[in-house]
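Right, one structure below, let's go through it.
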Amino acid sequence: MMIVVETVVLYPLRSIVQPLSPGMIYIIGVLVVSVVWGTRLGIATSVASTLAFAIFHVAPSGKLAVSDVRELFEVAVFLVVAVATSVAANVFRRRIVQAEESDLTADMARLLLHADDPAQVLPAVAQRIADALEVPNVAIDHAAASDVDRQWAFPLRAGATSLGTLLVPSGAPEPTVQRLRERVVPSLTSLLEAGYERAAMMDSLGRLATEQAALRRVATLMARGGPPPEVFDAITTELHGLLADGTLQGQYSTSLLRYEPDNMVTVLSTSLSGPTPEQLHWSAEGENLLALVRDTGRPARMDSLEGATGPAAALAHQLGIRSAVVVPITIEGQLWGAATLASDQPGPLPPDTEARFANFVDLAATAVANADSRAELAASRARLVAATDKARQRIERELHDNALQQLIGIGLQLGLAQASLSPELDRTKAELSNAVYGLNNVVDNMREISRGIHPTLLADGGLHPAIKSLARKSPVPVELDIHAEQRMPPVIEVAAYHVVSEALTNTAEYAHASVVQVEAAMRDGTLRLSIHDDGVGGADPDRGSGLTALRDRVEALGGHLTITSPTGSGTLLQADIPIELPEPHPDADRPSQRHRP
């Protein structure tokens, strides 16, 4: 039709245009056909245009008889140019299509590969496809389409996995359908698969980062020396928070339990609100998860607790628990306790629950082991301090009951000998008198030494009179504020006595102070001492063996000692000593042999 129109228009003008000028019109027609409909129709148009050009513009009188070589050459050149134009136009057309495909693919990639959830951007992807192909009502369904009578349905599959279905109106042109099938659907399938994989990977990385942050918080608490109950609460809190990521439906709880030697189970920490005492301590007998973990030492799960028996199962039914996972806590190869996840929903809990619990279970075991080690070390140090004090007390008694008594007896004998001498032995009497005087000085010095080793007043009267005695002997005036009348364990009283004694001695020797304030009080099960002078300050506890020994003694009893001594502002020594001696924490006890997995 285009060739006919071109011929009808150009034929009347053949006498006034150049011979090749009409050919340009035909070439434009070939160009248009090739760009719009492709190579095949373009070449056919080239051949038809060549015939029309030869008949109506080259051959005389419109006859298809070309005898002149020049005319034949014109026709040949026209044919070559027409075909070349068709091929070039088709190449141009393909490049345009490729560019459009690249733009469409890039837009789909931008939408699908930058979304946290690719399913949320599928409508936008469908709209972009509709705009690129100029086809309305394109949609992407998550599942296979059920009603496809009025639509083209292109399944989007990655292997055996269905990613959805691309739906296009059935009235779409065949070239568009072919383009969808050959180019758009493969690209969309690959991008959907990559988008879902990226979303899964980002979700996994996010969960991993969240878990690592939770583990770091618990580990930091442990590094600061947090007691086991505080660590256990932190673990259950962190586990409960980690599982609030949408993977669990309904209500759920996390707990840490300890197996007792009498086949009982004690809840050490739980996310349940307001548990009763009966819900914190029960028997592990029967057929249930706790008994299974106790017997095997391995993680266990039940997707339904309908068939479980025993007190643990009864409690689970009472609390509405319908499925659970239990992960054992082992210390040095021995079963110690367990971490649990309980849900009020039937069916399997997430398959990675045991793996997610593993690191926290290890931290719980480490916390117990560390607490046990610290408690044993503190108890050992306290026993050493107590043993040292007993040894000092024994030495003091030996000095007082034996050596001092013997010296006093010798002094009395010398006094009797001196009195029995005749008056003419004045020189001998004088020598004996000097000997008795020197012996009395030795007795006084040994008595002071024995009191320093273990003051008798402290043992007999307690801390208050002993500190008063130190204050009376101090060359620097002492202001006392003592509120510690009740007796304490001897090792505590001795430690407090030596803290005050060493502080007053240092004040007298180095501080150049005019007054010292000594305070002692019992608060919250702790003896708190404060010795403050108004001297020159500048005391360095790291440069004095006496203060270092005091700090070691106080810390061995589970307390702490601090010294603040700015130059020119006096010295403040504070000591907090727990009244109860350090003992291994009950939550750090080792399990019995009967609980070996």
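So you can find residues: chains in the structure tokens are A, B, ... in the order shown, residues in each start at 1, and ligands are numbered from 1 in order.
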Original post:
If you count only C-alpha atoms, which residues fall within 7 Å of region 468-481 of chain A, apart from same-chain ones fewer than 6 positions away, as a list in words?
Top reply: Ser501, Leu504, Ala508, Ser514, Val515, Val516, Gln517, Val518, Glu519 and Ala520 of chain A
How about saving the chosen residues, N, CA and C atoms kept, as a PDB file, in the first residue's frame?
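Full text of result_15.pdb as output:
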```
ATOM      1  N   SER A 501      44.021   1.047 112.134  1.00  0.00           N
ATOM      2  CA  SER A 501      45.356   1.174 112.725  1.00  0.00           C
ATOM      3  C   SER A 501      46.371   1.672 111.701  1.00  0.00           C
ATOM      4  N   LEU A 504      45.696   5.400 110.832  1.00  0.00           N
ATOM      5  CA  LEU A 504      46.134   6.341 111.870  1.00  0.00           C
ATOM      6  C   LEU A 504      47.652   6.419 111.936  1.00  0.00           C
ATOM      7  N   ALA A 508      49.818   9.853 111.275  1.00  0.00           N
ATOM      8  CA  ALA A 508      50.768  10.396 112.255  1.00  0.00           C
ATOM      9  C   ALA A 508      52.148  10.584 111.651  1.00  0.00           C
ATOM     10  N   SER A 514      46.008  17.880 111.563  1.00  0.00           N
ATOM     11  CA  SER A 514      45.630  18.393 112.877  1.00  0.00           C
ATOM     12  C   SER A 514      44.499  17.584 113.497  1.00  0.00           C
ATOM     13  N   VAL A 515      43.769  16.827 112.674  1.00  0.00           N
ATOM     14  CA  VAL A 515      42.678  16.023 113.189  1.00  0.00           C
ATOM     15  C   VAL A 515      42.387  14.898 112.207  1.00  0.00           C
ATOM     16  N   VAL A 516      41.879  13.783 112.760  1.00  0.00           N
ATOM     17  CA  VAL A 516      41.467  12.644 111.938  1.00  0.00           C
ATOM     18  C   VAL A 516      40.048  12.276 112.321  1.00  0.00           C
ATOM     19  N   GLN A 517      39.207  12.054 111.317  1.00  0.00           N
ATOM     20  CA  GLN A 517      37.823  11.644 111.555  1.00  0.00           C
ATOM     21  C   GLN A 517      37.678  10.165 111.178  1.00  0.00           C
ATOM     22  N   VAL A 518      37.229   9.370 112.156  1.00  0.00           N
ATOM     23  CA  VAL A 518      37.044   7.934 111.934  1.00  0.00           C
ATOM     24  C   VAL A 518      35.565   7.615 112.082  1.00  0.00           C
ATOM     25  N   GLU A 519      34.981   7.023 111.030  1.00  0.00           N
ATOM     26  CA  GLU A 519      33.572   6.636 111.058  1.00  0.00           C
ATOM     27  C   GLU A 519      33.462   5.148 110.739  1.00  0.00           C
ATOM     28  N   ALA A 520      32.544   4.496 111.433  1.00  0.00           N
ATOM     29  CA  ALA A 520      32.271   3.076 111.184  1.00  0.00           C
ATOM     30  C   ALA A 520      30.788   2.831 111.390  1.00  0.00           C
TER      31      ALA A 520
END
```
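A straight line drawn from CA of Tyr196 (chain A) to CA of Gln251 (chain A) is 28.5 Å long.
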Give the strand (DSSP E) residues of region 242-443 of chain A, as DSSP finds them on the backbone, and put them as an mmCIF file with N, CA, C and O atoms, in the first residue's frame.
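In the end it all went to selection.cif:
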```cif
data_model
loop_
_atom_site.group_PDB
_atom_site.id
_atom_site.type_symbol
_atom_site.label_atom_id
_atom_site.label_comp_id
_atom_site.auth_asym_id
_atom_site.auth_seq_id
_atom_site.Cartn_x
_atom_site.Cartn_y
_atom_site.Cartn_z
ATOM 1 N N TYR A 252 4.787 -16.829 73.935
ATOM 2 C CA TYR A 252 5.895 -17.743 74.184
ATOM 3 C C TYR A 252 6.701 -17.224 75.363
ATOM 4 O O TYR A 252 6.571 -16.056 75.761
ATOM 5 N N SER A 253 7.511 -18.092 75.926
ATOM 6 C CA SER A 253 8.329 -17.727 77.083
ATOM 7 C C SER A 253 9.664 -18.451 76.991
ATOM 8 O O SER A 253 9.781 -19.517 76.379
ATOM 9 N N THR A 254 10.675 -17.851 77.617
ATOM 10 C CA THR A 254 12.008 -18.455 77.702
ATOM 11 C C THR A 254 12.387 -18.573 79.175
ATOM 12 O O THR A 254 12.036 -17.708 79.992
ATOM 13 N N SER A 255 13.108 -19.639 79.499
ATOM 14 C CA SER A 255 13.481 -19.879 80.898
ATOM 15 C C SER A 255 14.836 -20.564 80.969
ATOM 16 O O SER A 255 15.268 -21.208 80.005
ATOM 17 N N LEU A 256 15.491 -20.398 82.117
ATOM 18 C CA LEU A 256 16.707 -21.137 82.442
ATOM 19 C C LEU A 256 16.426 -21.963 83.694
ATOM 20 O O LEU A 256 15.935 -21.428 84.695
ATOM 21 N N LEU A 257 16.739 -23.251 83.621
ATOM 22 C CA LEU A 257 16.449 -24.172 84.705
ATOM 23 C C LEU A 257 17.721 -24.826 85.212
ATOM 24 O O LEU A 257 18.715 -24.903 84.485
ATOM 25 N N ARG A 258 17.673 -25.317 86.447
ATOM 26 C CA ARG A 258 18.783 -26.075 87.013
ATOM 27 C C ARG A 258 18.254 -27.420 87.527
ATOM 28 O O ARG A 258 17.237 -27.479 88.207
ATOM 29 N N TYR A 259 18.960 -28.494 87.146
ATOM 30 C CA TYR A 259 18.629 -29.822 87.663
ATOM 31 C C TYR A 259 19.226 -29.975 89.058
ATOM 32 O O TYR A 259 20.424 -29.745 89.260
ATOM 33 N N MET A 264 14.769 -32.912 91.153
ATOM 34 C CA MET A 264 13.902 -31.753 91.031
ATOM 35 C C MET A 264 14.503 -30.775 90.025
ATOM 36 O O MET A 264 15.676 -30.867 89.666
ATOM 37 N N VAL A 265 13.680 -29.850 89.595
ATOM 38 C CA VAL A 265 14.107 -28.804 88.661
ATOM 39 C C VAL A 265 13.755 -27.460 89.279
ATOM 40 O O VAL A 265 12.644 -27.277 89.795
ATOM 41 N N THR A 266 14.708 -26.521 89.249
ATOM 42 C CA THR A 266 14.488 -25.184 89.786
ATOM 43 C C THR A 266 14.611 -24.163 88.669
ATOM 44 O O THR A 266 15.573 -24.191 87.902
ATOM 45 N N VAL A 267 13.635 -23.261 88.571
ATOM 46 C CA VAL A 267 13.676 -22.184 87.582
ATOM 47 C C VAL A 267 14.558 -21.065 88.137
ATOM 48 O O VAL A 267 14.271 -20.489 89.185
ATOM 49 N N LEU A 268 15.630 -20.766 87.433
ATOM 50 C CA LEU A 268 16.548 -19.711 87.858
ATOM 51 C C LEU A 268 16.155 -18.361 87.289
ATOM 52 O O LEU A 268 16.367 -17.328 87.917
ATOM 53 N N SER A 269 15.582 -18.363 86.087
ATOM 54 C CA SER A 269 15.142 -17.117 85.457
ATOM 55 C C SER A 269 14.104 -17.466 84.405
ATOM 56 O O SER A 269 14.214 -18.495 83.726
ATOM 57 N N THR A 270 13.093 -16.626 84.260
ATOM 58 C CA THR A 270 12.044 -16.876 83.274
ATOM 59 C C THR A 270 11.429 -15.569 82.820
ATOM 60 O O THR A 270 11.440 -14.568 83.552
ATOM 61 N N HIS A 281 9.628 -24.628 91.004
ATOM 62 C CA HIS A 281 10.322 -25.793 91.559
ATOM 63 C C HIS A 281 9.404 -27.000 91.454
ATOM 64 O O HIS A 281 8.319 -27.001 92.052
ATOM 65 N N TRP A 282 9.811 -27.983 90.653
ATOM 66 C CA TRP A 282 8.965 -29.155 90.493
ATOM 67 C C TRP A 282 9.823 -30.366 90.142
ATOM 68 O O TRP A 282 11.017 -30.251 89.845
ATOM 69 N N SER A 283 9.189 -31.529 90.128
ATOM 70 C CA SER A 283 9.888 -32.775 89.838
ATOM 71 C C SER A 283 10.025 -32.964 88.333
ATOM 72 O O SER A 283 9.157 -32.571 87.557
ATOM 73 N N ALA A 300 16.145 -31.420 72.878
ATOM 74 C CA ALA A 300 14.937 -32.163 72.545
ATOM 75 C C ALA A 300 13.805 -31.170 72.322
ATOM 76 O O ALA A 300 13.827 -30.044 72.827
ATOM 77 N N ARG A 301 12.814 -31.600 71.537
ATOM 78 C CA ARG A 301 11.655 -30.761 71.267
ATOM 79 C C ARG A 301 10.412 -31.628 71.171
ATOM 80 O O ARG A 301 10.474 -32.817 70.848
ATOM 81 N N MET A 302 9.273 -31.022 71.472
ATOM 82 C CA MET A 302 7.975 -31.664 71.295
ATOM 83 C C MET A 302 7.053 -30.668 70.608
ATOM 84 O O MET A 302 6.862 -29.549 71.109
ATOM 85 N N SER A 323 3.750 -26.538 72.870
ATOM 86 C CA SER A 323 4.956 -27.041 72.208
ATOM 87 C C SER A 323 6.164 -26.403 72.882
ATOM 88 O O SER A 323 6.056 -25.316 73.462
ATOM 89 N N ALA A 324 7.317 -27.076 72.813
ATOM 90 C CA ALA A 324 8.490 -26.569 73.541
ATOM 91 C C ALA A 324 9.766 -27.150 72.951
ATOM 92 O O ALA A 324 9.759 -28.179 72.275
ATOM 93 N N VAL A 325 10.870 -26.444 73.236
ATOM 94 C CA VAL A 325 12.219 -26.886 72.904
ATOM 95 C C VAL A 325 13.061 -26.724 74.156
ATOM 96 O O VAL A 325 12.969 -25.699 74.851
ATOM 97 N N VAL A 326 13.881 -27.728 74.474
ATOM 98 C CA VAL A 326 14.760 -27.686 75.653
ATOM 99 C C VAL A 326 16.184 -27.967 75.193
ATOM 100 O O VAL A 326 16.435 -28.951 74.497
ATOM 101 N N VAL A 327 17.116 -27.080 75.569
ATOM 102 C CA VAL A 327 18.529 -27.217 75.212
ATOM 103 C C VAL A 327 19.335 -27.359 76.501
ATOM 104 O O VAL A 327 19.224 -26.514 77.399
ATOM 105 N N PRO A 328 20.152 -28.425 76.635
ATOM 106 C CA PRO A 328 20.866 -28.655 77.896
ATOM 107 C C PRO A 328 22.006 -27.668 78.112
ATOM 108 O O PRO A 328 22.587 -27.132 77.157
ATOM 109 N N ILE A 329 22.318 -27.417 79.383
ATOM 110 C CA ILE A 329 23.495 -26.635 79.791
ATOM 111 C C ILE A 329 24.442 -27.598 80.489
ATOM 112 O O ILE A 329 24.088 -28.186 81.517
ATOM 113 N N THR A 330 25.621 -27.774 79.923
ATOM 114 C CA THR A 330 26.600 -28.694 80.504
ATOM 115 C C THR A 330 27.832 -27.926 80.933
ATOM 116 O O THR A 330 28.250 -26.963 80.280
ATOM 117 N N ILE A 331 28.421 -28.376 82.034
ATOM 118 C CA ILE A 331 29.644 -27.768 82.574
ATOM 119 C C ILE A 331 30.643 -28.889 82.797
ATOM 120 O O ILE A 331 30.377 -29.819 83.572
ATOM 121 N N GLN A 334 29.264 -32.331 82.361
ATOM 122 C CA GLN A 334 28.193 -32.778 83.242
ATOM 123 C C GLN A 334 26.971 -31.902 83.041
ATOM 124 O O GLN A 334 27.071 -30.678 82.901
ATOM 125 N N LEU A 335 25.810 -32.541 83.021
ATOM 126 C CA LEU A 335 24.555 -31.812 82.867
ATOM 127 C C LEU A 335 24.305 -30.953 84.102
ATOM 128 O O LEU A 335 24.323 -31.444 85.225
ATOM 129 N N TRP A 336 24.064 -29.689 83.876
ATOM 130 C CA TRP A 336 23.830 -28.755 84.987
ATOM 131 C C TRP A 336 22.402 -28.215 84.963
ATOM 132 O O TRP A 336 21.749 -28.092 85.985
ATOM 133 N N GLY A 337 21.920 -27.843 83.780
ATOM 134 C CA GLY A 337 20.586 -27.249 83.669
ATOM 135 C C GLY A 337 20.127 -27.255 82.229
ATOM 136 O O GLY A 337 20.603 -28.047 81.398
ATOM 137 N N ALA A 338 19.210 -26.352 81.901
ATOM 138 C CA ALA A 338 18.658 -26.315 80.548
ATOM 139 C C ALA A 338 18.061 -24.944 80.277
ATOM 140 O O ALA A 338 17.658 -24.221 81.198
ATOM 141 N N ALA A 339 18.019 -24.603 78.989
ATOM 142 C CA ALA A 339 17.309 -23.412 78.508
ATOM 143 C C ALA A 339 16.081 -23.893 77.745
ATOM 144 O O ALA A 339 16.165 -24.852 76.973
ATOM 145 N N THR A 340 14.949 -23.230 77.937
ATOM 146 C CA THR A 340 13.709 -23.696 77.331
ATOM 147 C C THR A 340 13.020 -22.576 76.573
ATOM 148 O O THR A 340 13.124 -21.396 76.923
ATOM 149 N N LEU A 341 12.329 -22.981 75.511
ATOM 150 C CA LEU A 341 11.414 -22.113 74.778
ATOM 151 C C LEU A 341 10.064 -22.807 74.760
ATOM 152 O O LEU A 341 9.959 -23.962 74.318
ATOM 153 N N ALA A 342 9.039 -22.144 75.264
ATOM 154 C CA ALA A 342 7.700 -22.725 75.336
ATOM 155 C C ALA A 342 6.725 -21.815 74.603
ATOM 156 O O ALA A 342 6.804 -20.582 74.709
ATOM 157 N N SER A 343 5.788 -22.430 73.845
ATOM 158 C CA SER A 343 4.821 -21.669 73.052
ATOM 159 C C SER A 343 3.419 -22.188 73.319
ATOM 160 O O SER A 343 3.222 -23.376 73.602
#
```
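All residues of protein, DNA or RNA that reach within 10 Å of Ile129 (chain A), judged by only C-alpha atoms and not counting those fewer than 6 positions away in the chain, are A:Glu101, A:Leu104, A:Thr105, A:Asp107, A:Met108, A:Pro123, A:Val135, A:Pro136, A:Asn137, A:Val138, A:Ala139, A:Val168, A:Leu180, A:Val184, A:Leu188.
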C-alpha atoms of the current selection, written as a PDB file, in the first residue's frame:
```pdb
ATOM      1  CA  GLU A 101      15.006  -4.154  27.449  1.00  0.00           C
ATOM      2  CA  LEU A 104      13.284  -2.332  31.796  1.00  0.00           C
ATOM      3  CA  THR A 105      15.694  -4.850  33.325  1.00  0.00           C
ATOM      4  CA  ASP A 107      14.313  -0.701  36.579  1.00  0.00           C
ATOM      5  CA  MET A 108      13.146  -4.151  37.652  1.00  0.00           C
ATOM      6  CA  PRO A 123       2.861  -4.118  41.788  1.00  0.00           C
ATOM      7  CA  VAL A 135       0.094  -3.224  27.616  1.00  0.00           C
ATOM      8  CA  PRO A 136      -2.494  -2.386  30.316  1.00  0.00           C
ATOM      9  CA  ASN A 137      -3.418  -4.453  33.364  1.00  0.00           C
ATOM     10  CA  VAL A 138      -0.183  -6.375  33.796  1.00  0.00           C
ATOM     11  CA  ALA A 139       0.010  -8.134  37.161  1.00  0.00           C
ATOM     12  CA  VAL A 168      -0.910 -10.177  30.730  1.00  0.00           C
ATOM     13  CA  LEU A 180       7.595 -11.316  27.120  1.00  0.00           C
ATOM     14  CA  VAL A 184      11.062 -10.236  29.978  1.00  0.00           C
ATOM     15  CA  LEU A 188      12.089 -11.168  35.754  1.00  0.00           C
TER      16      LEU A 188
END
```
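If only C-alpha atoms are the atoms counted, then among A:Gly159, A:Gly537, A:Pro261, A:Pro169 the closest residue to Ala130 (chain A) is A:Pro169.
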Original post:
So which bits of region 140-384 of chain A end up helix (DSSP H, G or I) when you DSSP the backbone, as a PyMOL selection string?
Top reply: chain A and resi 174-223+228-242+277-279+289-296+311-319+353-384
Excluding same-chain residues fewer than 6 positions from region 228-235 of chain A, what lies within 9 Å of it counting only C-alpha atoms, as a CSV table (one decimal) with all heavy atoms, in the first residue's frame?
```csv
chain,number,residue,atom,x,y,z
A,214,ALA,N,23.2,-9.0,71.2
A,214,ALA,CA,22.7,-9.6,72.5
A,214,ALA,C,23.8,-10.4,73.2
A,214,ALA,O,23.9,-10.2,74.5
A,214,ALA,CB,21.5,-10.5,72.2
A,215,LEU,N,24.5,-11.2,72.5
A,215,LEU,CA,25.6,-11.9,73.1
A,215,LEU,C,26.6,-11.0,73.7
A,215,LEU,O,27.2,-11.2,74.8
A,215,LEU,CB,26.2,-12.9,72.1
A,215,LEU,CG,25.4,-14.1,71.7
A,215,LEU,CD1,26.1,-14.7,70.4
A,215,LEU,CD2,25.3,-15.1,72.8
A,217,ARG,N,26.2,-8.0,74.9
A,217,ARG,CA,25.7,-7.4,76.1
A,217,ARG,C,25.8,-8.4,77.3
A,217,ARG,O,26.2,-8.0,78.4
A,217,ARG,CB,24.2,-7.0,75.9
A,217,ARG,CG,24.0,-5.7,75.1
A,217,ARG,CD,22.6,-5.2,75.1
A,217,ARG,NE,21.7,-6.1,74.5
A,217,ARG,CZ,21.3,-6.0,73.2
A,217,ARG,NH1,21.9,-5.1,72.4
A,217,ARG,NH2,20.4,-6.8,72.6
A,218,VAL,N,25.4,-9.6,77.0
A,218,VAL,CA,25.6,-10.6,78.1
A,218,VAL,C,27.0,-10.8,78.5
A,218,VAL,O,27.4,-10.9,79.7
A,218,VAL,CB,24.9,-11.9,77.7
A,218,VAL,CG1,25.1,-13.0,78.8
A,218,VAL,CG2,23.4,-11.7,77.4
A,219,ALA,N,27.9,-10.9,77.5
A,219,ALA,CA,29.3,-11.1,77.7
A,219,ALA,C,29.9,-9.9,78.5
A,219,ALA,O,30.8,-10.1,79.4
A,219,ALA,CB,30.1,-11.3,76.4
A,221,LEU,N,28.3,-8.0,80.6
A,221,LEU,CA,27.9,-8.2,82.0
A,221,LEU,C,28.7,-9.2,82.7
A,221,LEU,O,29.1,-9.0,83.9
A,221,LEU,CB,26.4,-8.6,82.0
A,221,LEU,CG,25.8,-8.9,83.4
A,221,LEU,CD1,25.8,-7.7,84.3
A,221,LEU,CD2,24.3,-9.4,83.2
A,222,MET,N,29.0,-10.3,82.0
A,222,MET,CA,29.9,-11.3,82.6
A,222,MET,C,31.3,-10.8,82.9
A,222,MET,O,31.9,-11.1,83.9
A,222,MET,CB,29.9,-12.6,81.8
A,222,MET,CG,28.6,-13.3,81.7
A,222,MET,SD,28.7,-14.6,80.4
A,222,MET,CE,30.1,-15.6,81.0
A,255,SER,N,13.1,-19.6,79.5
A,255,SER,CA,13.5,-19.9,80.9
A,255,SER,C,14.8,-20.6,81.0
A,255,SER,O,15.3,-21.2,80.0
A,255,SER,CB,12.4,-20.8,81.6
A,255,SER,OG,11.1,-20.2,81.5
A,256,LEU,N,15.5,-20.4,82.1
A,256,LEU,CA,16.7,-21.1,82.4
A,256,LEU,C,16.4,-22.0,83.7
A,256,LEU,O,15.9,-21.4,84.7
A,256,LEU,CB,17.9,-20.2,82.7
A,256,LEU,CG,18.5,-19.5,81.4
A,256,LEU,CD1,19.7,-18.6,81.9
A,256,LEU,CD2,19.0,-20.6,80.5
A,268,LEU,N,15.6,-20.8,87.4
A,268,LEU,CA,16.5,-19.7,87.9
A,268,LEU,C,16.2,-18.4,87.3
A,268,LEU,O,16.4,-17.3,87.9
A,268,LEU,CB,18.0,-20.0,87.4
A,268,LEU,CG,18.5,-21.4,87.9
A,268,LEU,CD1,19.9,-21.6,87.4
A,268,LEU,CD2,18.6,-21.4,89.5
A,269,SER,N,15.6,-18.4,86.1
A,269,SER,CA,15.1,-17.1,85.5
A,269,SER,C,14.1,-17.5,84.4
A,269,SER,O,14.2,-18.5,83.7
A,269,SER,CB,16.3,-16.4,84.8
A,269,SER,OG,15.9,-15.2,84.2
A,270,THR,N,13.1,-16.6,84.3
A,270,THR,CA,12.0,-16.9,83.3
A,270,THR,C,11.4,-15.6,82.8
A,270,THR,O,11.4,-14.6,83.6
A,270,THR,CB,10.9,-17.8,83.9
A,270,THR,OG1,9.9,-18.0,82.9
A,270,THR,CG2,10.3,-17.2,85.1
A,271,SER,N,10.9,-15.6,81.6
A,271,SER,CA,10.2,-14.4,81.1
A,271,SER,C,8.8,-14.4,81.4
A,271,SER,O,8.0,-13.5,81.1
A,271,SER,CB,10.4,-14.3,79.5
A,271,SER,OG,9.8,-15.5,78.9
A,360,PHE,N,23.9,-18.8,73.7
A,360,PHE,CA,23.5,-18.3,75.1
A,360,PHE,C,23.6,-19.3,76.1
A,360,PHE,O,24.0,-19.1,77.3
A,360,PHE,CB,22.0,-17.8,75.0
A,360,PHE,CG,21.9,-16.5,74.2
A,360,PHE,CD1,21.6,-16.6,72.8
A,360,PHE,CD2,22.0,-15.3,74.7
A,360,PHE,CE1,21.4,-15.4,72.1
A,360,PHE,CE2,21.9,-14.1,74.0
A,360,PHE,CZ,21.6,-14.2,72.7
A,361,VAL,N,23.4,-20.6,75.7
A,361,VAL,CA,23.6,-21.7,76.7
A,361,VAL,C,25.1,-21.8,77.1
A,361,VAL,O,25.4,-22.0,78.3
A,361,VAL,CB,23.1,-23.0,76.0
A,361,VAL,CG1,23.6,-24.2,76.8
A,361,VAL,CG2,21.6,-23.1,76.0
A,363,LEU,N,27.1,-19.3,77.2
A,363,LEU,CA,27.4,-18.2,78.1
A,363,LEU,C,26.9,-18.5,79.5
A,363,LEU,O,27.5,-18.1,80.5
A,363,LEU,CB,26.7,-16.9,77.5
A,363,LEU,CG,27.5,-16.2,76.4
A,363,LEU,CD1,26.7,-15.0,76.0
A,363,LEU,CD2,28.9,-15.8,76.8
A,364,ALA,N,25.7,-19.1,79.6
A,364,ALA,CA,25.2,-19.5,80.9
A,364,ALA,C,26.1,-20.4,81.6
A,364,ALA,O,26.4,-20.3,82.8
A,364,ALA,CB,23.8,-20.1,80.7
A,367,ALA,N,29.1,-18.5,82.7
A,367,ALA,CA,28.8,-17.7,83.9
A,367,ALA,C,28.8,-18.5,85.1
A,367,ALA,O,29.3,-18.1,86.2
A,367,ALA,CB,27.4,-17.0,83.7
A,368,VAL,N,28.2,-19.7,85.1
A,368,VAL,CA,28.2,-20.6,86.3
A,368,VAL,C,29.6,-21.0,86.6
A,368,VAL,O,30.0,-20.9,87.8
A,368,VAL,CB,27.4,-21.8,86.0
A,368,VAL,CG1,27.5,-22.8,87.2
A,368,VAL,CG2,25.9,-21.4,85.8
A,370,ASN,N,32.4,-19.4,85.8
A,370,ASN,CA,33.2,-18.3,86.3
A,370,ASN,C,32.8,-17.9,87.7
A,370,ASN,O,33.6,-17.6,88.6
A,370,ASN,CB,33.0,-17.1,85.4
A,370,ASN,CG,33.7,-17.2,84.1
A,370,ASN,OD1,34.5,-18.1,83.9
A,370,ASN,ND2,33.4,-16.4,83.1
A,371,ALA,N,31.5,-17.9,88.0
A,371,ALA,CA,31.0,-17.6,89.3
A,371,ALA,C,31.5,-18.6,90.4
A,371,ALA,O,31.9,-18.2,91.5
A,371,ALA,CB,29.5,-17.5,89.4
A,585,HIS,N,28.5,-19.6,95.3
A,585,HIS,CA,27.2,-19.3,95.0
A,585,HIS,C,26.4,-20.6,94.8
A,585,HIS,O,26.8,-21.5,94.1
A,585,HIS,CB,27.0,-18.4,93.8
A,585,HIS,CG,25.7,-17.7,93.8
A,585,HIS,ND1,24.6,-18.3,93.3
A,585,HIS,CD2,25.4,-16.4,94.1
A,585,HIS,CE1,23.6,-17.5,93.3
A,585,HIS,NE2,24.0,-16.3,93.8
A,587,ASP,N,24.0,-21.1,92.8
A,587,ASP,CA,23.7,-21.4,91.4
A,587,ASP,C,25.0,-21.8,90.7
A,587,ASP,O,25.0,-22.1,89.5
A,587,ASP,CB,23.2,-20.1,90.8
A,587,ASP,CG,21.8,-19.7,91.2
A,587,ASP,OD1,21.2,-20.7,91.7
A,587,ASP,OD2,21.4,-18.5,91.2
A,588,ALA,N,26.1,-21.9,91.4
A,588,ALA,CA,27.4,-22.3,90.7
A,588,ALA,C,27.8,-23.7,91.2
A,588,ALA,O,28.9,-24.1,90.9
A,588,ALA,CB,28.5,-21.3,91.1
```
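From CA of Pro346 (chain A) back to CA of Ile321 (chain A), the distance works out to 8.6 Å.
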**OP:** Determine, counting only C-alpha atoms, which protein, DNA and RNA residues have an atom within 6 Å of an atom of region 305-317 of chain A; residues of the same chain fewer than 2 positions away are not included. Present the result as a PyMOL selection string.
**Re:** chain A and resi 283+285-288+319-323
**OP:** Considering only C-alpha atoms, state which residue in the set A:Thr505, A:Asn445, A:Gln486, A:Gln212 is at the smallest distance from Leu463 (chain A).
**Re:** A:Gln486
